[in-house]
>>> print(open('final-v9.cif').read())   # mmCIF, N, CA and C atoms
data_work
loop_
_atom_site.group_PDB
_atom_site.id
_atom_site.type_symbol
_atom_site.label_atom_id
_atom_site.label_comp_id
_atom_site.auth_asym_id
_atom_site.auth_seq_id
_atom_site.Cartn_x
_atom_site.Cartn_y
_atom_site.Cartn_z
ATOM 1 N N MET P 1 3.618 -14.166 1.062
ATOM 2 C CA MET P 1 3.398 -12.916 1.729
ATOM 3 C C MET P 1 1.896 -12.729 1.957
ATOM 4 N N ALA P 2 1.267 -13.624 2.655
ATOM 5 C CA ALA P 2 -0.173 -13.570 2.857
ATOM 6 C C ALA P 2 -0.574 -12.406 3.751
ATOM 7 N N ALA P 3 -0.160 -12.401 5.008
ATOM 8 C CA ALA P 3 -0.518 -11.322 5.928
ATOM 9 C C ALA P 3 0.750 -10.808 6.605
ATOM 10 N N VAL P 4 1.189 -9.659 6.167
ATOM 11 C CA VAL P 4 2.376 -9.036 6.737
ATOM 12 C C VAL P 4 2.015 -7.607 7.121
ATOM 13 N N ASN P 5 2.834 -7.006 7.919
ATOM 14 C CA ASN P 5 2.676 -5.590 8.241
ATOM 15 C C ASN P 5 4.035 -4.965 7.998
ATOM 16 N N LEU P 6 4.412 -4.918 6.732
ATOM 17 C CA LEU P 6 5.750 -4.553 6.306
ATOM 18 C C LEU P 6 5.826 -3.068 5.954
ATOM 19 N N PRO P 7 6.738 -2.307 6.555
ATOM 20 C CA PRO P 7 6.900 -0.899 6.164
ATOM 21 C C PRO P 7 7.351 -0.805 4.706
ATOM 22 N N VAL P 8 6.769 0.127 3.965
ATOM 23 C CA VAL P 8 7.103 0.293 2.546
ATOM 24 C C VAL P 8 7.346 1.763 2.239
ATOM 25 N N GLN P 9 8.071 1.989 1.156
ATOM 26 C CA GLN P 9 8.253 3.330 0.610
ATOM 27 C C GLN P 9 7.192 3.511 -0.465
ATOM 28 N N VAL P 10 6.508 4.663 -0.438
ATOM 29 C CA VAL P 10 5.392 4.881 -1.363
ATOM 30 C C VAL P 10 5.544 6.225 -2.049
ATOM 31 N N ILE P 11 5.218 6.232 -3.335
ATOM 32 C CA ILE P 11 5.041 7.479 -4.069
ATOM 33 C C ILE P 11 3.543 7.599 -4.291
ATOM 34 N N ALA P 12 2.975 8.704 -3.801
ATOM 35 C CA ALA P 12 1.529 8.913 -3.893
ATOM 36 C C ALA P 12 1.259 10.324 -4.397
ATOM 37 N N CYS P 13 0.052 10.543 -4.864
ATOM 38 C CA CYS P 13 -0.342 11.889 -5.271
ATOM 39 C C CYS P 13 -1.632 12.254 -4.557
ATOM 40 N N CYS P 14 -1.825 13.547 -4.387
ATOM 41 C CA CYS P 14 -3.039 14.072 -3.758
ATOM 42 C C CYS P 14 -3.730 14.988 -4.750
ATOM 43 N N ASP P 15 -5.063 14.897 -4.813
ATOM 44 C CA ASP P 15 -5.785 15.798 -5.702
ATOM 45 C C ASP P 15 -6.089 17.106 -4.971
ATOM 46 N N ALA P 16 -6.815 17.990 -5.608
ATOM 47 C CA ALA P 16 -7.097 19.307 -5.041
ATOM 48 C C ALA P 16 -7.948 19.226 -3.774
ATOM 49 N N ASN P 17 -8.679 18.133 -3.600
ATOM 50 C CA ASN P 17 -9.519 17.950 -2.416
ATOM 51 C C ASN P 17 -8.784 17.237 -1.284
ATOM 52 N N GLY P 18 -7.551 16.832 -1.517
ATOM 53 C CA GLY P 18 -6.763 16.160 -0.488
ATOM 54 C C GLY P 18 -6.855 14.653 -0.515
ATOM 55 N N ALA P 19 -7.573 14.081 -1.463
ATOM 56 C CA ALA P 19 -7.668 12.621 -1.568
ATOM 57 C C ALA P 19 -6.339 12.068 -2.059
ATOM 58 N N MET P 20 -5.849 11.049 -1.376
ATOM 59 C CA MET P 20 -4.548 10.467 -1.672
ATOM 60 C C MET P 20 -4.709 9.198 -2.502
ATOM 61 N N GLN P 21 -3.746 8.974 -3.393
ATOM 62 C CA GLN P 21 -3.748 7.764 -4.216
ATOM 63 C C GLN P 21 -2.317 7.281 -4.389
ATOM 64 N N PRO P 22 -2.014 6.046 -3.961
ATOM 65 C CA PRO P 22 -0.662 5.511 -4.166
ATOM 66 C C PRO P 22 -0.416 5.218 -5.648
ATOM 67 N N LEU P 23 0.773 5.558 -6.127
ATOM 68 C CA LEU P 23 1.142 5.316 -7.520
ATOM 69 C C LEU P 23 2.135 4.159 -7.653
ATOM 70 N N ARG P 24 3.054 4.083 -6.693
ATOM 71 C CA ARG P 24 4.100 3.078 -6.735
ATOM 72 C C ARG P 24 4.580 2.837 -5.315
ATOM 73 N N PHE P 25 4.985 1.595 -5.004
ATOM 74 C CA PHE P 25 5.577 1.338 -3.695
ATOM 75 C C PHE P 25 6.718 0.349 -3.831
ATOM 76 N N ARG P 26 7.583 0.363 -2.828
ATOM 77 C CA ARG P 26 8.777 -0.486 -2.845
ATOM 78 C C ARG P 26 8.930 -1.135 -1.479
ATOM 79 N N PHE P 27 9.251 -2.432 -1.500
ATOM 80 C CA PHE P 27 9.455 -3.158 -0.244
ATOM 81 C C PHE P 27 10.673 -4.054 -0.352
ATOM 82 N N GLU P 28 11.174 -4.443 0.811
ATOM 83 C CA GLU P 28 12.340 -5.320 0.892
ATOM 84 C C GLU P 28 11.871 -6.684 1.376
ATOM 85 N N ASP P 29 12.236 -7.752 0.657
ATOM 86 C CA ASP P 29 11.818 -9.097 1.048
ATOM 87 C C ASP P 29 12.795 -9.700 2.066
ATOM 88 N N ALA P 30 12.578 -10.954 2.432
ATOM 89 C CA ALA P 30 13.405 -11.628 3.442
ATOM 90 C C ALA P 30 14.858 -11.788 2.992
ATOM 91 N N ALA P 31 15.077 -11.854 1.672
ATOM 92 C CA ALA P 31 16.431 -11.981 1.132
ATOM 93 C C ALA P 31 17.084 -10.611 0.910
ATOM 94 N N HIS P 32 16.463 -9.555 1.421
ATOM 95 C CA HIS P 32 16.950 -8.173 1.326
ATOM 96 C C HIS P 32 17.013 -7.658 -0.108
ATOM 97 N N ALA P 33 16.146 -8.170 -0.960
ATOM 98 C CA ALA P 33 16.033 -7.666 -2.326
ATOM 99 C C ALA P 33 14.896 -6.646 -2.364
ATOM 100 N N LEU P 34 15.116 -5.544 -3.081
ATOM 101 C CA LEU P 34 14.089 -4.519 -3.219
ATOM 102 C C LEU P 34 13.182 -4.838 -4.401
ATOM 103 N N HIS P 35 11.877 -4.696 -4.189
ATOM 104 C CA HIS P 35 10.884 -4.925 -5.238
ATOM 105 C C HIS P 35 10.065 -3.657 -5.404
ATOM 106 N N THR P 36 9.984 -3.164 -6.639
ATOM 107 C CA THR P 36 9.176 -1.985 -6.936
ATOM 108 C C THR P 36 7.887 -2.444 -7.597
ATOM 109 N N VAL P 37 6.768 -1.978 -7.058
ATOM 110 C CA VAL P 37 5.446 -2.397 -7.514
ATOM 111 C C VAL P 37 4.724 -1.181 -8.089
ATOM 112 N N GLN P 38 4.283 -1.292 -9.318
ATOM 113 C CA GLN P 38 3.559 -0.216 -10.006
ATOM 114 C C GLN P 38 2.059 -0.414 -9.785
ATOM 115 N N VAL P 39 1.398 0.559 -9.169
ATOM 116 C CA VAL P 39 -0.044 0.468 -8.918
ATOM 117 C C VAL P 39 -0.785 0.840 -10.192
ATOM 118 N N ARG P 40 -1.619 -0.067 -10.663
ATOM 119 C CA ARG P 40 -2.408 0.178 -11.869
ATOM 120 C C ARG P 40 -3.732 0.856 -11.539
ATOM 121 N N GLU P 41 -4.363 0.408 -10.428
ATOM 122 C CA GLU P 41 -5.697 0.910 -10.100
ATOM 123 C C GLU P 41 -5.944 0.745 -8.604
ATOM 124 N N VAL P 42 -6.571 1.745 -8.010
ATOM 125 C CA VAL P 42 -7.000 1.647 -6.618
ATOM 126 C C VAL P 42 -8.459 1.196 -6.647
ATOM 127 N N LEU P 43 -8.706 -0.009 -6.159
ATOM 128 C CA LEU P 43 -10.045 -0.585 -6.208
ATOM 129 C C LEU P 43 -10.923 -0.127 -5.054
ATOM 130 N N ASP P 44 -10.310 0.100 -3.892
ATOM 131 C CA ASP P 44 -11.084 0.499 -2.719
ATOM 132 C C ASP P 44 -10.213 1.361 -1.819
ATOM 133 N N CYS P 45 -10.820 2.389 -1.244
ATOM 134 C CA CYS P 45 -10.143 3.239 -0.276
ATOM 135 C C CYS P 45 -11.120 3.485 0.853
ATOM 136 N N ARG P 46 -10.710 3.173 2.076
ATOM 137 C CA ARG P 46 -11.593 3.411 3.216
ATOM 138 C C ARG P 46 -10.806 4.018 4.359
ATOM 139 N N GLU P 47 -11.499 4.793 5.159
ATOM 140 C CA GLU P 47 -10.887 5.456 6.302
ATOM 141 C C GLU P 47 -11.312 4.723 7.562
ATOM 142 N N SER P 48 -10.378 4.622 8.508
ATOM 143 C CA SER P 48 -10.656 3.940 9.763
ATOM 144 C C SER P 48 -10.171 4.800 10.914
ATOM 145 N N GLY P 49 -10.935 4.820 11.981
ATOM 146 C CA GLY P 49 -10.536 5.542 13.178
ATOM 147 C C GLY P 49 -10.504 4.610 14.365
ATOM 148 N N TYR P 50 -10.030 3.392 14.183
ATOM 149 C CA TYR P 50 -10.025 2.359 15.210
ATOM 150 C C TYR P 50 -9.132 2.763 16.377
ATOM 151 N N VAL P 51 -9.663 2.769 17.570
ATOM 152 C CA VAL P 51 -8.967 3.097 18.818
ATOM 153 C C VAL P 51 -8.273 4.465 18.730
ATOM 154 N N GLY P 52 -8.880 5.391 18.024
ATOM 155 C CA GLY P 52 -8.330 6.729 17.927
ATOM 156 C C GLY P 52 -7.169 6.888 16.973
ATOM 157 N N ILE P 53 -6.805 5.840 16.241
ATOM 158 C CA ILE P 53 -5.706 5.906 15.272
ATOM 159 C C ILE P 53 -6.324 6.047 13.883
ATOM 160 N N GLU P 54 -6.173 7.234 13.308
ATOM 161 C CA GLU P 54 -6.744 7.494 11.996
ATOM 162 C C GLU P 54 -5.835 6.900 10.918
ATOM 163 N N ALA P 55 -6.432 6.092 10.042
ATOM 164 C CA ALA P 55 -5.664 5.437 8.980
ATOM 165 C C ALA P 55 -6.526 5.301 7.736
ATOM 166 N N PHE P 56 -5.857 5.187 6.600
ATOM 167 C CA PHE P 56 -6.511 4.942 5.325
ATOM 168 C C PHE P 56 -6.020 3.606 4.787
ATOM 169 N N PHE P 57 -6.943 2.813 4.276
ATOM 170 C CA PHE P 57 -6.630 1.503 3.716
ATOM 171 C C PHE P 57 -6.933 1.529 2.217
ATOM 172 N N PHE P 58 -5.982 1.058 1.423
ATOM 173 C CA PHE P 58 -6.111 1.044 -0.026
ATOM 174 C C PHE P 58 -5.964 -0.387 -0.531
ATOM 175 N N VAL P 59 -6.932 -0.849 -1.310
ATOM 176 C CA VAL P 59 -6.813 -2.127 -2.014
ATOM 177 C C VAL P 59 -6.445 -1.768 -3.450
ATOM 178 N N CYS P 60 -5.279 -2.248 -3.888
ATOM 179 C CA CYS P 60 -4.715 -1.838 -5.171
ATOM 180 C C CYS P 60 -4.472 -3.031 -6.087
ATOM 181 N N ARG P 61 -4.772 -2.822 -7.355
ATOM 182 C CA ARG P 61 -4.367 -3.775 -8.388
ATOM 183 C C ARG P 61 -3.023 -3.279 -8.885
ATOM 184 N N ALA P 62 -2.011 -4.133 -8.822
ATOM 185 C CA ALA P 62 -0.653 -3.696 -9.130
ATOM 186 C C ALA P 62 0.091 -4.776 -9.898
ATOM 187 N N VAL P 63 1.237 -4.385 -10.453
ATOM 188 C CA VAL P 63 2.057 -5.303 -11.245
ATOM 189 C C VAL P 63 3.421 -5.449 -10.580
ATOM 190 N N LEU P 64 3.800 -6.702 -10.315
ATOM 191 C CA LEU P 64 5.113 -7.043 -9.767
ATOM 192 C C LEU P 64 5.701 -8.154 -10.610
ATOM 193 N N ASP P 65 6.860 -7.909 -11.189
ATOM 194 C CA ASP P 65 7.548 -8.892 -12.045
ATOM 195 C C ASP P 65 6.666 -9.372 -13.188
ATOM 196 N N GLY P 66 5.893 -8.464 -13.772
ATOM 197 C CA GLY P 66 5.048 -8.803 -14.915
ATOM 198 C C GLY P 66 3.757 -9.513 -14.565
ATOM 199 N N ARG P 67 3.484 -9.730 -13.288
ATOM 200 C CA ARG P 67 2.257 -10.414 -12.862
ATOM 201 C C ARG P 67 1.369 -9.449 -12.106
ATOM 202 N N GLU P 68 0.075 -9.517 -12.394
ATOM 203 C CA GLU P 68 -0.880 -8.644 -11.723
ATOM 204 C C GLU P 68 -1.306 -9.261 -10.393
ATOM 205 N N LYS P 69 -1.323 -8.438 -9.343
ATOM 206 C CA LYS P 69 -1.677 -8.911 -8.009
ATOM 207 C C LYS P 69 -2.530 -7.856 -7.318
ATOM 208 N N LEU P 70 -3.166 -8.267 -6.224
ATOM 209 C CA LEU P 70 -3.905 -7.339 -5.375
ATOM 210 C C LEU P 70 -3.163 -7.187 -4.059
ATOM 211 N N TYR P 71 -2.974 -5.939 -3.638
ATOM 212 C CA TYR P 71 -2.293 -5.629 -2.389
ATOM 213 C C TYR P 71 -3.175 -4.715 -1.552
ATOM 214 N N GLU P 72 -2.999 -4.801 -0.239
ATOM 215 C CA GLU P 72 -3.662 -3.860 0.655
ATOM 216 C C GLU P 72 -2.588 -3.042 1.364
ATOM 217 N N LEU P 73 -2.672 -1.717 1.180
ATOM 218 C CA LEU P 73 -1.736 -0.778 1.801
ATOM 219 C C LEU P 73 -2.456 0.008 2.887
ATOM 220 N N LYS P 74 -1.695 0.418 3.896
ATOM 221 C CA LYS P 74 -2.253 1.225 4.980
ATOM 222 C C LYS P 74 -1.404 2.462 5.168
ATOM 223 N N TYR P 75 -2.064 3.614 5.276
ATOM 224 C CA TYR P 75 -1.386 4.873 5.574
ATOM 225 C C TYR P 75 -1.888 5.353 6.922
ATOM 226 N N THR P 76 -0.994 5.514 7.888
ATOM 227 C CA THR P 76 -1.347 6.012 9.218
ATOM 228 C C THR P 76 -1.083 7.511 9.243
ATOM 229 N N VAL P 77 -2.127 8.278 9.515
ATOM 230 C CA VAL P 77 -2.053 9.732 9.408
ATOM 231 C C VAL P 77 -1.116 10.334 10.452
ATOM 232 N N ARG P 78 -1.238 9.938 11.694
ATOM 233 C CA ARG P 78 -0.452 10.557 12.765
ATOM 234 C C ARG P 78 1.052 10.359 12.591
ATOM 235 N N THR P 79 1.456 9.187 12.156
ATOM 236 C CA THR P 79 2.888 8.893 12.009
ATOM 237 C C THR P 79 3.394 9.110 10.582
ATOM 238 N N HIS P 80 2.486 9.338 9.627
ATOM 239 C CA HIS P 80 2.837 9.530 8.215
ATOM 240 C C HIS P 80 3.597 8.317 7.680
ATOM 241 N N ARG P 81 3.165 7.119 8.039
ATOM 242 C CA ARG P 81 3.847 5.884 7.611
ATOM 243 C C ARG P 81 2.929 5.023 6.757
ATOM 244 N N TRP P 82 3.559 4.372 5.794
ATOM 245 C CA TRP P 82 2.872 3.418 4.928
ATOM 246 C C TRP P 82 3.305 2.004 5.313
ATOM 247 N N ALA P 83 2.370 1.064 5.166
ATOM 248 C CA ALA P 83 2.678 -0.345 5.422
ATOM 249 C C ALA P 83 1.940 -1.213 4.410
ATOM 250 N N LEU P 84 2.597 -2.282 4.003
ATOM 251 C CA LEU P 84 1.960 -3.298 3.169
ATOM 252 C C LEU P 84 1.316 -4.288 4.124
ATOM 253 N N LEU P 85 -0.010 -4.287 4.171
ATOM 254 C CA LEU P 85 -0.712 -5.164 5.103
ATOM 255 C C LEU P 85 -0.743 -6.604 4.620
ATOM 256 N N ARG P 86 -1.104 -6.783 3.353
ATOM 257 C CA ARG P 86 -1.194 -8.158 2.855
ATOM 258 C C ARG P 86 -1.223 -8.188 1.341
ATOM 259 N N GLU P 87 -0.842 -9.337 0.813
ATOM 260 C CA GLU P 87 -0.992 -9.637 -0.603
ATOM 261 C C GLU P 87 -2.241 -10.490 -0.720
ATOM 262 N N ILE P 88 -3.253 -9.982 -1.371
ATOM 263 C CA ILE P 88 -4.540 -10.685 -1.434
ATOM 264 C C ILE P 88 -4.444 -11.885 -2.370
ATOM 265 N N TYR P 89 -3.915 -11.697 -3.558
ATOM 266 C CA TYR P 89 -3.603 -12.819 -4.455
ATOM 267 C C TYR P 89 -2.521 -12.424 -5.401
#
>>> encode(input="final-v9.cif", output="structure tokens")
Amino acid sequence: MAAVNLPVQVIACCDANGAMQPLRFRFEDAAHALHTVQVREVLDCRESGYVGIEAFFFVCRAVLDGREKLYELKYTVRTHRWALLREIY
């Protein structure tokens, strides 16, 4: 799963200032199995306004099947959709 743009279900929280942080996400693989990933830490969060599409990108350290991995998630503000962009390692 190097570079994908896979829609995911996300549980996130917002602080009093409106900053968002993903806590957990779930995706379906090619074999139609659901995988729940627990986010341990958000390492980087950046905002992008590329071509007028406002989005937030999160680089997260997370645990899947007992192994720690890095994932990049994207939240698109206008459509309110989350996507798993890539598995970094």
>>> residues_around(input="final-v9.cif", residues="Pro7 in chain P", least_positions_apart="3", cutoff="10 Å", atoms="only C-alpha atoms", output="ChimeraX atom specification")
/P:4,10,26-28,73-74,81-85
>>> resolve_selection(input="final-v9.cif", expression="the PyMOL selection byres ((chain P and resi 61) around 7)", output="compact mmCIF listing (two decimals) with N, CA and C atoms, keeping the file's coordinate frame")
# COMPACT_ATOMS: atom_id res chain seq x y z
N GLN P 38 4.28 -1.29 -9.32
CA GLN P 38 3.56 -0.22 -10.01
C GLN P 38 2.06 -0.41 -9.78
N VAL P 39 1.40 0.56 -9.17
CA VAL P 39 -0.04 0.47 -8.92
C VAL P 39 -0.78 0.84 -10.19
N ARG P 40 -1.62 -0.07 -10.66
CA ARG P 40 -2.41 0.18 -11.87
C ARG P 40 -3.73 0.86 -11.54
N GLU P 41 -4.36 0.41 -10.43
CA GLU P 41 -5.70 0.91 -10.10
C GLU P 41 -5.94 0.74 -8.60
N VAL P 42 -6.57 1.74 -8.01
CA VAL P 42 -7.00 1.65 -6.62
C VAL P 42 -8.46 1.20 -6.65
N LEU P 43 -8.71 -0.01 -6.16
CA LEU P 43 -10.04 -0.58 -6.21
C LEU P 43 -10.92 -0.13 -5.05
N VAL P 59 -6.93 -0.85 -1.31
CA VAL P 59 -6.81 -2.13 -2.01
C VAL P 59 -6.44 -1.77 -3.45
N CYS P 60 -5.28 -2.25 -3.89
CA CYS P 60 -4.72 -1.84 -5.17
C CYS P 60 -4.47 -3.03 -6.09
N ALA P 62 -2.01 -4.13 -8.82
CA ALA P 62 -0.65 -3.70 -9.13
C ALA P 62 0.09 -4.78 -9.90
N VAL P 63 1.24 -4.38 -10.45
CA VAL P 63 2.06 -5.30 -11.24
C VAL P 63 3.42 -5.45 -10.58
N GLU P 68 0.08 -9.52 -12.39
CA GLU P 68 -0.88 -8.64 -11.72
C GLU P 68 -1.31 -9.26 -10.39
N LYS P 69 -1.32 -8.44 -9.34
CA LYS P 69 -1.68 -8.91 -8.01
C LYS P 69 -2.53 -7.86 -7.32
N LEU P 70 -3.17 -8.27 -6.22
CA LEU P 70 -3.90 -7.34 -5.38
C LEU P 70 -3.16 -7.19 -4.06
N TYR P 71 -2.97 -5.94 -3.64
CA TYR P 71 -2.29 -5.63 -2.39
C TYR P 71 -3.18 -4.72 -1.55
>>> residues_around(input="final-v9.cif", residues="Val77 in chain P", least_positions_apart="4", cutoff="12 Å", atoms="only C-alpha atoms", output="mmCIF file with N, CA and C atoms, in the coordinates of the input")
data_model
loop_
_atom_site.group_PDB
_atom_site.id
_atom_site.type_symbol
_atom_site.label_atom_id
_atom_site.label_comp_id
_atom_site.auth_asym_id
_atom_site.auth_seq_id
_atom_site.Cartn_x
_atom_site.Cartn_y
_atom_site.Cartn_z
ATOM 1 N N MET P 20 -5.849 11.049 -1.376
ATOM 2 C CA MET P 20 -4.548 10.467 -1.672
ATOM 3 C C MET P 20 -4.709 9.198 -2.502
ATOM 4 N N GLU P 47 -11.499 4.793 5.159
ATOM 5 C CA GLU P 47 -10.887 5.456 6.302
ATOM 6 C C GLU P 47 -11.312 4.723 7.562
ATOM 7 N N SER P 48 -10.378 4.622 8.508
ATOM 8 C CA SER P 48 -10.656 3.940 9.763
ATOM 9 C C SER P 48 -10.171 4.800 10.914
ATOM 10 N N GLY P 49 -10.935 4.820 11.981
ATOM 11 C CA GLY P 49 -10.536 5.542 13.178
ATOM 12 C C GLY P 49 -10.504 4.610 14.365
ATOM 13 N N GLY P 52 -8.880 5.391 18.024
ATOM 14 C CA GLY P 52 -8.330 6.729 17.927
ATOM 15 C C GLY P 52 -7.169 6.888 16.973
ATOM 16 N N ILE P 53 -6.805 5.840 16.241
ATOM 17 C CA ILE P 53 -5.706 5.906 15.272
ATOM 18 C C ILE P 53 -6.324 6.047 13.883
ATOM 19 N N GLU P 54 -6.173 7.234 13.308
ATOM 20 C CA GLU P 54 -6.744 7.494 11.996
ATOM 21 C C GLU P 54 -5.835 6.900 10.918
ATOM 22 N N ALA P 55 -6.432 6.092 10.042
ATOM 23 C CA ALA P 55 -5.664 5.437 8.980
ATOM 24 C C ALA P 55 -6.526 5.301 7.736
ATOM 25 N N PHE P 56 -5.857 5.187 6.600
ATOM 26 C CA PHE P 56 -6.511 4.942 5.325
ATOM 27 C C PHE P 56 -6.020 3.606 4.787
ATOM 28 N N PHE P 57 -6.943 2.813 4.276
ATOM 29 C CA PHE P 57 -6.630 1.503 3.716
ATOM 30 C C PHE P 57 -6.933 1.529 2.217
ATOM 31 N N ARG P 81 3.165 7.119 8.039
ATOM 32 C CA ARG P 81 3.847 5.884 7.611
ATOM 33 C C ARG P 81 2.929 5.023 6.757
ATOM 34 N N TRP P 82 3.559 4.372 5.794
ATOM 35 C CA TRP P 82 2.872 3.418 4.928
ATOM 36 C C TRP P 82 3.305 2.004 5.313
ATOM 37 N N ALA P 83 2.370 1.064 5.166
ATOM 38 C CA ALA P 83 2.678 -0.345 5.422
ATOM 39 C C ALA P 83 1.940 -1.213 4.410
#
>>> residues_around(input="final-v9.cif", residues="Pro22 in chain P", least_positions_apart="2", cutoff="5 Å", atoms="all atoms listed in the file", output="ChimeraX atom specification")
/P:11-12,20,24
>>> atom_distance(input="final-v9.cif", atom1="CA of Leu23 in chain P", atom2="CA of Val37 in chain P")
8.8 Å
>>> select_by_dssp(input="final-v9.cif", residues="chain P", states="strand (DSSP E)", output="PyMOL selection string")
chain P and resi 3-7+9-14+20-28+34-48+55-64+67-76+81-87
>>> atom_distance(input="final-v9.cif", atom1="CA of Gln21 in chain P", atom2="atom C of Ile88 in chain P")
19.7 Å
>>> atom_distance(input="final-v9.cif", atom1="atom N of Cys45 in chain P", atom2="atom N of Glu72 in chain P")
10.7 Å
>>> residues_near_point(input="final-v9.cif", point="(7.0, -8.7, -4.4)", cutoff="7 Å", atoms="all atoms listed in the file", output="list in words")
His35, Thr36, Leu64 and Asp65 of chain P
>>> axis_aligned_box(input="final-v9.cif", around="range 5-23 of chain P", padding_each_side="8 Å", output="JSON")
{"center_x": -0.6, "center_y": 6.2, "center_z": 0.3, "size_x": 33.8, "size_y": 42.3, "size_z": 31.9}
